[in-house]
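Visitor: Contents of entry.pdb (PDB, C-alpha atoms) are below:
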ATOM      1  CA  MET D 266     -34.330 -20.700   7.424
ATOM      2  CA  LEU D 267     -32.253 -22.753   5.006
ATOM      3  CA  TRP D 268     -34.009 -22.932   1.687
ATOM      4  CA  SER D 269     -32.665 -24.511  -1.467
ATOM      5  CA  LYS D 270     -34.075 -25.962  -4.639
ATOM      6  CA  ALA D 271     -32.611 -29.237  -5.781
ATOM      7  CA  ILE D 272     -32.749 -29.659  -9.505
ATOM      8  CA  GLY D 273     -32.561 -32.742 -11.632
ATOM      9  CA  ALA D 274     -30.119 -33.620 -14.383
ATOM     10  CA  GLY D 275     -27.607 -30.830 -14.356
ATOM     11  CA  GLY D 276     -24.934 -29.687 -16.742
ATOM     12  CA  ALA D 277     -21.647 -31.492 -16.447
ATOM     13  CA  GLY D 278     -22.143 -35.204 -16.021
ATOM     14  CA  GLY D 279     -25.862 -34.811 -15.328
ATOM     15  CA  ALA D 280     -25.268 -34.382 -11.594
ATOM     16  CA  ALA D 281     -28.006 -32.910  -9.441
ATOM     17  CA  GLY D 282     -27.352 -29.382  -8.299
ATOM     18  CA  ILE D 283     -28.701 -26.650  -6.055
ATOM     19  CA  LEU D 284     -30.188 -23.625  -7.736
ATOM     20  CA  PHE D 285     -30.586 -21.270  -4.752
ATOM     21  CA  GLY D 286     -29.617 -20.728  -1.154
ATOM     22  CA  PRO D 287     -30.497 -18.533   1.811
ATOM     23  CA  ARG D 288     -27.518 -16.170   1.578
ATOM     24  CA  GLY D 289     -27.144 -13.477  -1.078
ATOM     25  CA  VAL D 290     -23.618 -12.254  -1.846
ATOM     26  CA  PHE D 291     -22.517  -9.180  -3.795
ATOM     27  CA  GLY D 292     -18.940  -8.778  -5.015
ATOM     28  CA  GLY D 293     -17.026  -5.927  -6.616
ATOM     29  CA  GLY D 294     -18.500  -2.686  -7.898
ATOM     30  CA  ASN D 295     -17.781   0.938  -8.612
ATOM     31  CA  ARG D 296     -18.057   4.245  -6.830
ATOM     32  CA  SER D 297     -14.791   5.877  -7.857
ATOM     33  CA  PRO D 298     -12.703   4.031  -6.904
ATOM     34  CA  LYS D 299     -13.675   0.472  -7.757
ATOM     35  CA  TYR D 300     -14.112  -2.043  -4.957
ATOM     36  CA  ASP D 301     -12.951  -5.556  -4.080
ATOM     37  CA  ILE D 302     -15.685  -5.822  -1.438
ATOM     38  CA  ILE D 303     -17.874  -8.881  -0.976
ATOM     39  CA  ASP D 304     -20.815  -8.492   1.390
ATOM     40  CA  TYR D 305     -23.791 -10.684   2.212
ATOM     41  CA  ILE D 306     -27.370 -10.771   3.398
ATOM     42  CA  THR D 307     -29.764 -13.441   4.610
ATOM     43  CA  ILE D 308     -32.435 -13.048   1.948
ATOM     44  CA  ALA D 309     -35.351 -14.101   4.171
ATOM     45  CA  THR D 310     -34.442 -11.524   6.847
ATOM     46  CA  LEU D 311     -34.634  -7.780   6.231
ATOM     47  CA  GLY D 312     -31.565  -5.810   7.247
ATOM     48  CA  ASN D 313     -28.268  -4.339   6.132
ATOM     49  CA  ALA D 314     -25.519  -6.295   4.416
ATOM     50  CA  ILE D 315     -22.485  -7.559   6.363
ATOM     51  CA  ASP D 316     -18.859  -7.848   5.269
ATOM     52  CA  PHE D 317     -18.011 -11.284   3.795
ATOM     53  CA  GLY D 318     -14.450 -10.838   2.557
ATOM     54  CA  ASN D 319     -12.735  -9.566  -0.568
ATOM     55  CA  LEU D 320     -12.200 -10.445  -4.191
ATOM     56  CA  SER D 321      -8.559 -11.007  -5.131
ATOM     57  CA  VAL D 322      -8.492  -7.706  -7.050
ATOM     58  CA  VAL D 323     -10.463  -4.499  -7.263
ATOM     59  CA  VAL D 324     -12.981  -5.085 -10.072
ATOM     60  CA  THR D 325     -16.214  -3.734 -11.493
ATOM     61  CA  ASP D 326     -18.707  -4.852 -14.178
ATOM     62  CA  ASN D 327     -18.194  -8.531 -13.327
ATOM     63  CA  ALA D 328     -20.803 -11.335 -13.233
ATOM     64  CA  ALA D 329     -21.621 -14.006 -10.656
ATOM     65  CA  THR D 330     -23.417 -17.332 -10.368
ATOM     66  CA  SER D 331     -23.350 -20.371  -8.068
ATOM     67  CA  ASP D 332     -24.100 -24.058  -7.599
ATOM     68  CA  GLY D 333     -25.717 -23.327  -4.231
ATOM     69  CA  SER D 334     -22.451 -23.929  -2.391
ATOM     70  CA  ARG D 335     -19.700 -22.268  -4.378
ATOM     71  CA  GLY D 336     -20.151 -18.774  -5.786
ATOM     72  CA  VAL D 337     -18.067 -17.738  -8.794
ATOM     73  CA  PHE D 338     -17.269 -14.240 -10.034
ATOM     74  CA  GLY D 339     -16.030 -13.821 -13.601
ATOM     75  CA  GLY D 340     -14.786 -11.112 -15.936
ATOM     76  CA  GLY D 341     -15.077  -7.386 -15.383
ATOM     77  CA  ASP D 342     -12.813  -4.374 -15.410
ATOM     78  CA  ASP D 343      -9.751  -4.935 -13.228
ATOM     79  CA  ASN D 344      -8.287  -1.862 -11.533
ATOM     80  CA  ILE D 345      -4.781  -2.887 -12.644
ATOM     81  CA  ILE D 346      -4.996  -4.605 -16.037
ATOM     82  CA  GLY D 347      -8.363  -3.412 -17.355
ATOM     83  CA  LEU D 348     -10.618  -5.996 -19.006
ATOM     84  CA  THR D 349     -10.039  -9.386 -17.405
ATOM     85  CA  THR D 350     -10.684 -13.084 -17.978
ATOM     86  CA  ARG D 351     -10.324 -13.823 -14.257
ATOM     87  CA  ILE D 352     -12.727 -16.238 -12.546
ATOM     88  CA  GLU D 353     -12.559 -16.633  -8.764
ATOM     89  CA  TYR D 354     -14.717 -18.336  -6.185
ATOM     90  CA  ILE D 355     -15.961 -18.351  -2.618
ATOM     91  CA  THR D 356     -17.708 -20.919  -0.460
ATOM     92  CA  ILE D 357     -20.922 -19.025   0.226
ATOM     93  CA  ALA D 358     -21.555 -20.516   3.673
ATOM     94  CA  THR D 359     -18.063 -19.590   4.910
ATOM     95  CA  LEU D 360     -16.875 -15.995   5.236
ATOM     96  CA  GLY D 361     -13.536 -15.296   3.592
ATOM     97  CA  ASN D 362     -11.682 -13.994   0.567
ATOM     98  CA  ALA D 363     -12.110 -15.243  -2.997
ATOM     99  CA  ILE D 364      -9.737 -17.829  -4.504
ATOM    100  CA  ASN D 365      -8.548 -18.199  -8.094
ATOM    101  CA  PHE D 366     -10.724 -20.497 -10.230
ATOM    102  CA  GLY D 367      -9.491 -20.052 -13.819
ATOM    103  CA  SER D 368     -10.147 -17.863 -16.840
ATOM    104  CA  LEU D 369     -12.949 -17.000 -19.232
ATOM    105  CA  THR D 370     -12.336 -17.674 -22.925
ATOM    106  CA  ALA D 371     -12.120 -13.908 -23.576
ATOM    107  CA  ALA D 372     -11.654 -10.789 -21.444
ATOM    108  CA  ARG D 373     -14.826  -8.734 -21.143
ATOM    109  CA  ARG D 374     -16.988  -6.685 -18.808
ATOM    110  CA  ALA D 375     -20.737  -6.028 -18.421
ATOM    111  CA  LEU D 376     -21.521  -9.701 -19.021
ATOM    112  CA  ALA D 377     -24.150 -11.854 -17.288
ATOM    113  CA  ALA D 378     -24.001 -15.268 -15.629
ATOM    114  CA  THR D 379     -26.398 -18.010 -14.571
ATOM    115  CA  SER D 380     -26.309 -21.745 -13.836
ATOM    116  CA  ASN D 381     -28.278 -24.976 -13.663
ATOM    117  CA  GLY D 382     -26.840 -25.746 -10.245
ATOM    118  CA  SER D 383     -23.847 -27.507 -11.750
ATOM    119  CA  ARG D 384     -22.711 -25.729 -14.896
ATOM    120  CA  GLY D 385     -22.199 -21.951 -14.884
ATOM    121  CA  VAL D 386     -22.532 -19.965 -18.104
ATOM    122  CA  PHE D 387     -21.278 -16.450 -18.843
ATOM    123  CA  GLY D 388     -22.902 -14.609 -21.737
ATOM    124  CA  GLY D 389     -22.413 -11.349 -23.621
ATOM    125  CA  GLY D 390     -20.425  -8.372 -22.466
ATOM    126  CA  THR D 391     -18.044  -6.017 -24.182
ATOM    127  CA  GLY D 392     -14.360  -6.498 -24.902
ATOM    128  CA  GLY D 393     -11.697  -4.702 -26.838
ATOM    129  CA  THR D 394     -13.686  -4.901 -30.089
ATOM    130  CA  GLY D 395     -17.121  -3.976 -28.702
ATOM    131  CA  ALA D 396     -20.222  -5.962 -27.748
ATOM    132  CA  THR D 397     -20.002  -9.738 -28.046
ATOM    133  CA  THR D 398     -22.343 -12.698 -28.555
ATOM    134  CA  LEU D 399     -19.964 -15.029 -26.709
ATOM    135  CA  ILE D 400     -21.251 -17.612 -24.222
ATOM    136  CA  ASP D 401     -18.768 -19.781 -22.331
ATOM    137  CA  TYR D 402     -19.160 -22.223 -19.451
ATOM    138  CA  ILE D 403     -17.534 -23.840 -16.446
ATOM    139  CA  THR D 404     -18.320 -26.710 -14.106
ATOM    140  CA  ILE D 405     -18.660 -24.779 -10.861
ATOM    141  CA  ALA D 406     -17.456 -27.583  -8.563
ATOM    142  CA  THR D 407     -14.231 -28.025 -10.573
ATOM    143  CA  THR D 408     -11.704 -25.224 -10.940
ATOM    144  CA  GLY D 409     -10.385 -24.598 -14.437
ATOM    145  CA  ASN D 410     -10.753 -22.445 -17.510
ATOM    146  CA  ALA D 411     -14.057 -21.783 -19.275
ATOM    147  CA  ILE D 412     -14.992 -23.523 -22.549
ATOM    148  CA  ASP D 413     -16.858 -22.076 -25.523
ATOM    149  CA  PHE D 414     -20.623 -22.756 -25.335
ATOM    150  CA  GLY D 415     -22.079 -20.870 -28.316
ATOM    151  CA  ASP D 416     -23.463 -17.428 -29.085
ATOM    152  CA  LEU D 417     -26.317 -15.131 -28.086
ATOM    153  CA  THR D 418     -28.781 -14.120 -30.810
ATOM    154  CA  VAL D 419     -27.659 -10.471 -30.553
ATOM    155  CA  ALA D 420     -24.314  -9.005 -29.446
ATOM    156  CA  ARG D 421     -24.885  -6.908 -26.342
ATOM    157  CA  TYR D 422     -23.554  -5.882 -22.940
ATOM    158  CA  HIS D 423     -25.036  -4.788 -19.607
ATOM    159  CA  ILE D 424     -27.452  -7.713 -19.870
ATOM    160  CA  ALA D 425     -29.101  -9.906 -17.198
ATOM    161  CA  ALA D 426     -29.415 -13.678 -16.890
ATOM    162  CA  THR D 427     -31.286 -16.226 -14.783
ATOM    163  CA  SER D 428     -32.501 -19.828 -15.081
ATOM    164  CA  ASN D 429     -35.046 -22.439 -14.032
ATOM    165  CA  GLY D 430     -32.382 -25.089 -13.553
ATOM    166  CA  THR D 431     -32.657 -26.344 -17.128
ATOM    167  CA  ARG D 432     -33.043 -23.307 -19.355
ATOM    168  CA  GLY D 433     -30.971 -20.146 -19.008
ATOM    169  CA  VAL D 434     -32.407 -16.847 -20.250
ATOM    170  CA  PHE D 435     -30.580 -13.625 -21.141
ATOM    171  CA  GLY D 436     -32.557 -10.381 -21.298
ATOM    172  CA  GLY D 437     -32.004  -6.777 -22.331
ATOM    173  CA  GLY D 438     -28.699  -5.084 -22.998
ATOM    174  CA  ALA D 439     -27.141  -1.922 -24.299
ATOM    175  CA  LEU D 440     -28.371   0.024 -25.986
ATOM    176  CA  SER D 441     -31.974  -0.397 -24.810
ATOM    177  CA  ILE D 442     -32.405  -3.847 -26.348
ATOM    178  CA  ASN D 443     -35.637  -5.719 -25.514
ATOM    179  CA  VAL D 444     -34.437  -9.151 -26.651
ATOM    180  CA  ILE D 445     -34.781 -12.233 -24.452
ATOM    181  CA  ASP D 446     -33.077 -15.390 -25.682
ATOM    182  CA  TYR D 447     -32.457 -18.780 -24.102
ATOM    183  CA  ILE D 448     -30.171 -21.776 -23.967
ATOM    184  CA  THR D 449     -30.420 -25.278 -22.550
ATOM    185  CA  ILE D 450     -27.565 -25.081 -20.066
ATOM    186  CA  ALA D 451     -26.628 -28.773 -20.245
ATOM    187  CA  THR D 452     -26.263 -28.648 -24.038
ATOM    188  CA  PRO D 453     -23.719 -26.296 -25.654
ATOM    189  CA  GLY D 454     -25.100 -24.434 -28.648
ATOM    190  CA  ASN D 455     -26.329 -21.068 -29.821
ATOM    191  CA  ALA D 456     -29.139 -19.208 -28.058
ATOM    192  CA  THR D 457     -32.695 -19.152 -29.432
ATOM    193  CA  ASP D 458     -35.129 -16.235 -29.442
ATOM    194  CA  PHE D 459     -37.493 -16.357 -26.434
ATOM    195  CA  GLY D 460     -39.501 -13.136 -26.742
ATOM    196  CA  ASP D 461     -39.215  -9.509 -25.662
ATOM    197  CA  LEU D 462     -39.060  -7.500 -22.462
ATOM    198  CA  THR D 463     -41.949  -5.065 -21.902
ATOM    199  CA  VAL D 464     -39.437  -2.218 -22.330
ATOM    200  CA  GLY D 465     -36.027  -2.317 -23.970
ATOM    201  CA  ARG D 466     -33.356  -1.485 -21.397
ATOM    202  CA  PHE D 467     -29.819  -2.166 -20.196
ATOM    203  CA  ALA D 468     -27.893  -2.472 -16.925
ATOM    204  CA  LEU D 469     -30.732  -4.482 -15.343
ATOM    205  CA  ALA D 470     -30.688  -7.570 -13.093
ATOM    206  CA  ALA D 471     -32.600 -10.866 -13.099
ATOM    207  CA  VAL D 472     -33.783 -13.353 -10.457
ATOM    208  CA  SER D 473     -35.927 -16.492 -10.493
ATOM    209  CA  ASP D 474     -37.852 -18.877  -8.253
ATOM    210  CA  GLY D 475     -37.101 -21.875 -10.456
ATOM    211  CA  SER D 476     -40.140 -21.229 -12.625
ATOM    212  CA  ARG D 477     -40.631 -17.506 -13.101
ATOM    213  CA  GLY D 478     -37.815 -15.226 -14.216
ATOM    214  CA  VAL D 479     -38.013 -11.575 -13.166
ATOM    215  CA  PHE D 480     -36.027  -8.732 -14.769
ATOM    216  CA  GLY D 481     -35.718  -5.633 -12.604
ATOM    217  CA  GLY D 482     -34.508  -2.100 -13.104
ATOM    218  CA  GLY D 483     -31.819  -0.866 -15.432
ATOM    219  CA  SER D 484     -32.234   2.141 -17.670
ATOM    220  CA  GLU D 485     -36.000   2.042 -17.028
ATOM    221  CA  ASN D 486     -37.812   1.759 -13.663
ATOM    222  CA  VAL D 487     -39.540  -1.460 -14.678
ATOM    223  CA  ILE D 488     -39.896  -4.956 -13.275
ATOM    224  CA  ASP D 489     -41.272  -7.583 -15.658
ATOM    225  CA  TYR D 490     -41.453 -11.369 -15.703
ATOM    226  CA  ILE D 491     -41.574 -14.477 -17.834
ATOM    227  CA  THR D 492     -42.326 -18.155 -17.290
ATOM    228  CA  ILE D 493     -38.930 -19.578 -18.194
ATOM    229  CA  ALA D 494     -40.250 -22.879 -19.565
ATOM    230  CA  THR D 495     -42.598 -21.102 -22.005
ATOM    231  CA  PRO D 496     -41.178 -18.766 -24.681
ATOM    232  CA  GLY D 497     -43.104 -15.520 -25.038
ATOM    233  CA  ASN D 498     -43.015 -11.845 -24.203
ATOM    234  CA  ALA D 499     -42.545 -10.528 -20.671
ATOM    235  CA  THR D 500     -45.442  -9.241 -18.542
ATOM    236  CA  ASP D 501     -45.440  -6.218 -16.236
ATOM    237  CA  PHE D 502     -44.613  -7.087 -12.602
ATOM    238  CA  GLY D 503     -44.278  -3.667 -10.921
ATOM    239  CA  ASP D 504     -41.621  -1.029 -10.285
ATOM    240  CA  LEU D 505     -38.538  -0.570  -8.124
ATOM    241  CA  VAL D 506     -39.412   1.218  -4.879
ATOM    242  CA  ALA D 507     -36.660   3.832  -5.099
ATOM    243  CA  GLY D 508     -37.090   4.658  -8.767
ATOM    244  CA  GLN D 509     -34.946   3.963 -11.784
ATOM    245  CA  ARG D 510     -31.524   2.397 -10.996
ATOM    246  CA  VAL D 511     -28.975   1.311 -13.554
ATOM    247  CA  GLU D 512     -26.209  -1.248 -13.048
ATOM    248  CA  ILE D 513     -27.897  -3.194 -10.259
ATOM    249  CA  ALA D 514     -27.317  -6.781  -9.099
ATOM    250  CA  GLY D 515     -29.796  -9.509  -8.192
ATOM    251  CA  ALA D 516     -29.986 -12.605  -5.976
ATOM    252  CA  SER D 517     -32.756 -14.990  -4.917
ATOM    253  CA  ASP D 518     -33.500 -17.643  -2.302
ATOM    254  CA  GLY D 519     -36.168 -19.157  -4.557
ATOM    255  CA  THR D 520     -39.001 -17.202  -2.935
ATOM    256  CA  ARG D 521     -37.747 -13.665  -2.546
ATOM    257  CA  GLY D 522     -35.690 -11.780  -5.123
ATOM    258  CA  VAL D 523     -33.440  -8.882  -4.111
ATOM    259  CA  PHE D 524     -31.991  -6.051  -6.198
ATOM    260  CA  ALA D 525     -28.922  -4.243  -4.863
ATOM    261  CA  GLY D 526     -26.861  -1.146  -5.591
ATOM    262  CA  GLY D 527     -26.843   0.878  -8.803
ATOM    263  CA  ASN D 528     -26.551   4.468  -9.974
ATOM    264  CA  VAL D 529     -22.816   4.806  -9.219
ATOM    265  CA  GLY D 530     -23.097   4.850  -5.464
ATOM    266  CA  SER D 531     -26.515   3.596  -4.363
ATOM    267  CA  ASN D 532     -26.494   1.360  -1.283
ATOM    268  CA  ILE D 533     -30.168   0.413  -1.697
ATOM    269  CA  ILE D 534     -31.326  -3.184  -1.423
ATOM    270  CA  ASP D 535     -34.986  -3.842  -2.199
ATOM    271  CA  TYR D 536     -36.952  -7.049  -2.643
ATOM    272  CA  ILE D 537     -39.930  -8.716  -4.257
ATOM    273  CA  THR D 538     -41.816 -11.938  -3.660
ATOM    274  CA  ILE D 539     -41.268 -13.552  -7.050
ATOM    275  CA  ALA D 540     -44.633 -15.338  -7.194
ATOM    276  CA  THR D 541     -46.589 -12.113  -6.507
ATOM    277  CA  PRO D 542     -46.410  -9.178  -8.957
ATOM    278  CA  SER D 543     -46.042  -5.864  -7.108
ATOM    279  CA  ASN D 544     -43.635  -3.002  -6.550
ATOM    280  CA  SER D 545     -40.430  -3.776  -4.693
ATOM    281  CA  VAL D 546     -40.068  -3.080  -0.957
ATOM    282  CA  ASP D 547     -37.081  -1.715   0.976
ATOM    283  CA  PHE D 548     -34.804  -4.449   2.375
ATOM    284  CA  GLY D 549     -31.778  -2.615   3.806
ATOM    285  CA  ASP D 550     -28.416  -1.293   2.621
ATOM    286  CA  LEU D 551     -25.160  -2.598   1.171
ATOM    287  CA  THR D 552     -22.042  -2.056   3.290
ATOM    288  CA  TYR D 553     -20.853   0.445   0.657
ATOM    289  CA  GLY D 554     -22.983   2.098  -2.004
ATOM    290  CA  ARG D 555     -21.892   1.013  -5.477
ATOM    291  CA  SER D 556     -23.008   0.082  -8.972
ATOM    292  CA  VAL D 557     -22.034  -2.713 -11.362
ATOM    293  CA  THR D 558     -21.537  -5.192  -8.540
ATOM    294  CA  ALA D 559     -22.268  -8.885  -9.165
ATOM    295  CA  GLY D 560     -24.808 -10.886  -7.148
ATOM    296  CA  THR D 561     -25.644 -14.534  -6.550
ATOM    297  CA  SER D 562     -26.917 -16.780  -3.748
ATOM    298  CA  GLY D 563     -26.261 -20.053  -1.968
ATOM    299  CA  GLY D 564     -25.250 -21.389   1.379
TER     300      GLY D 564
END
Write out the structure in this file as structure tokens.

Guide:
Amino acid sequence: MLWSKAIGAGGAGGAAGILFGPRGVFGGGNRSPKYDIIDYITIATLGNAIDFGNLSVVVTDNAATSDGSRGVFGGGDDNIIGLTTRIEYITIATLGNAINFGSLTAARRALAATSNGSRGVFGGGTGGTGATTLIDYITIATTGNAIDFGDLTVARYHIAATSNGTRGVFGGGALSINVIDYITIATPGNATDFGDLTVGRFALAAVSDGSRGVFGGGSENVIDYITIATPGNATDFGDLVAGQRVEIAGASDGTRGVFAGGNVGSNIIDYITIATPSNSVDFGDLTYGRSVTAGTSGG
């Protein structure tokens, strides 16, 4: 079933965008060696992932977001040059290899990305001088280099991000930070404090249904949630079915959220129904077990 959420005034130019889609895609990752793999699932249908294509290089610790049609992968640790500024893209509905998009404003890994269905933002990470507060942005439909957006409230890496189509939220980070902060994606500027996770942790993932944001896994076996429009502390949601997993990726079709990979070689995919707090449930397996892969959705 094709499911998408149209949102209103988006980032660049105020154009309407699509926040979700039925297909989840996961690109890159690490299990010694690193991978250039992209694979996909249909989020509404339980089962194992299928090969989609390849990133242009072998990369790990990257981040991904989409406008519902185009998925973009940015940053990470390139197998050849190390920390990278590279951004590349796929058309999520069409199997194939990634294509060059442009560059981030600074090379970094362990960053997070989200979008309002038009503008994609990349926040945090770690570069040559350590953890960063940097946020930069792109217009997903238009290839080109990223532009400075502002700064997070706290420098950190291995963080997670999601949005409700207007507000983007960034949660957690190394080392065991509980901070959640937010931005208005259409308006460049510095992030504002939102509240706290139930447990400080890093290497987690985040998904949303356009209203509720859910942070899953990481250095603690915890799932918690917020209402993105209302600043405040997170509330307990449940636990991951297979126990604690670090360096996982997330994707959502607006109803179901999925968490994939982790723990330097896990092929686990599990899922939640975002509107209903509970423990996650087994979904299937990635094509190759790996951690620090990047996930998004569209189609």

Visitor: Pick the closest to Gly333 of chain D from D:Ile352, D:Ala314, D:Ala406, D:Ile491: which is it, counting only C-alpha atoms?

Guide: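 That would be D:Ala406, the residue with the smallest distance to Gly333 of chain D.
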
Visitor: Please write as a short mmCIF file (atom, residue, chain, number, x, y, z; two decimals) with C-alpha atoms, in the frame of the given file the full residue list that the PyMOL selection byres ((chain D and resi 552) around 8) yields on this file.

Guide:
data_model
loop_
_atom_site.label_atom_id
_atom_site.label_comp_id
_atom_site.auth_asym_id
_atom_site.auth_seq_id
_atom_site.Cartn_x
_atom_site.Cartn_y
_atom_site.Cartn_z
CA ASP D 304 -20.82 -8.49 1.39
CA ASN D 313 -28.27 -4.34 6.13
CA ALA D 314 -25.52 -6.30 4.42
CA ILE D 315 -22.48 -7.56 6.36
CA ASP D 316 -18.86 -7.85 5.27
CA ASN D 532 -26.49 1.36 -1.28
CA ASP D 550 -28.42 -1.29 2.62
CA LEU D 551 -25.16 -2.60 1.17
CA TYR D 553 -20.85 0.44 0.66
CA GLY D 554 -22.98 2.10 -2.00
#

Visitor: Would you translate the PyMOL selection byres ((chain D and resi 343) around 7) into the concrete set of residues it matches in this file, as a PDB file with C-alpha atoms, in the frame of the given file?

Guide:
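Result file is out.pdb:
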ATOM      1  CA  VAL D 322      -8.492  -7.706  -7.050  1.00  0.00           C
ATOM      2  CA  VAL D 323     -10.463  -4.499  -7.263  1.00  0.00           C
ATOM      3  CA  VAL D 324     -12.981  -5.085 -10.072  1.00  0.00           C
ATOM      4  CA  THR D 325     -16.214  -3.734 -11.493  1.00  0.00           C
ATOM      5  CA  GLY D 341     -15.077  -7.386 -15.383  1.00  0.00           C
ATOM      6  CA  ASP D 342     -12.813  -4.374 -15.410  1.00  0.00           C
ATOM      7  CA  ASN D 344      -8.287  -1.862 -11.533  1.00  0.00           C
ATOM      8  CA  ILE D 345      -4.781  -2.887 -12.644  1.00  0.00           C
ATOM      9  CA  ILE D 346      -4.996  -4.605 -16.037  1.00  0.00           C
ATOM     10  CA  GLY D 347      -8.363  -3.412 -17.355  1.00  0.00           C
ATOM     11  CA  LEU D 348     -10.618  -5.996 -19.006  1.00  0.00           C
ATOM     12  CA  THR D 349     -10.039  -9.386 -17.405  1.00  0.00           C
TER      13      THR D 349
END

Visitor: Under the rule that all atoms listed in the file are counted, which of D:Asp504, D:Asp518, D:Asp332, D:Glu512 is the nearest residue to Val546 of chain D?

Guide: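 Between D:Asp504, D:Asp518, D:Asp332, D:Glu512, the residue approaching Val546 of chain D most closely is D:Asp504.
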
Visitor: Atom CA of Thr408 of chain D and atom CA of Ala396 of chain D are how many Å apart?

Guide: 26.9 Å

Visitor: Quick one, how far is atom CA of Leu469 of chain D from atom CA of Phe366 of chain D?

Guide: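 Separating atom CA of Leu469 of chain D from atom CA of Phe366 of chain D is a distance of 26.1 Å.
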
Visitor: Quick one: everything within 10 Å of Ile303 of chain D, counting all atoms listed in the file, minus sequence neighbours fewer than 4 positions away in the same chain. Send it as a list of chain:residue names.

Guide: D:Val290, D:Phe291, D:Gly292, D:Gly293, D:Gly294, D:Ala314, D:Ile315, D:Asp316, D:Phe317, D:Gly318, D:Asn319, D:Leu320, D:Ile355, D:Leu360, D:Gly361, D:Asn362, D:Ala363, D:Leu551, D:Thr552, D:Tyr553, D:Thr558, D:Ala559, D:Gly560

Visitor: List the neighbours of Gly483 of chain D out to 7 Å using all atoms listed in the file; skip same-chain residues closer than 3 positions along the sequence, and give me the result as a VMD selection string.

Guide: chain D and resid 466 to 469 486 509 to 513

Visitor: May I have the residues within 8 Å of segment 505-508 of chain D as an MDAnalysis selection string, using all atoms listed in the file and disregarding those fewer than 4 positions away in the same chain?

Guide: chainID D and resid 481:482 486:488 535 544:547

Visitor: Pick the closest to Ile357 of chain D from D:Arg288, D:Arg555, D:Arg384, D:Arg521: which is it, counting only C-alpha atoms?

Guide: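 Residue with the minimum atom-to-atom distance to Ile357 of chain D: D:Arg288.
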
Visitor: Rounded to one decimal in Å, what is the spacing between atom CA of Ala309 of chain D and atom CA of Thr359 of chain D?

Guide: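 Interatomic distance here is 18.2 Å.
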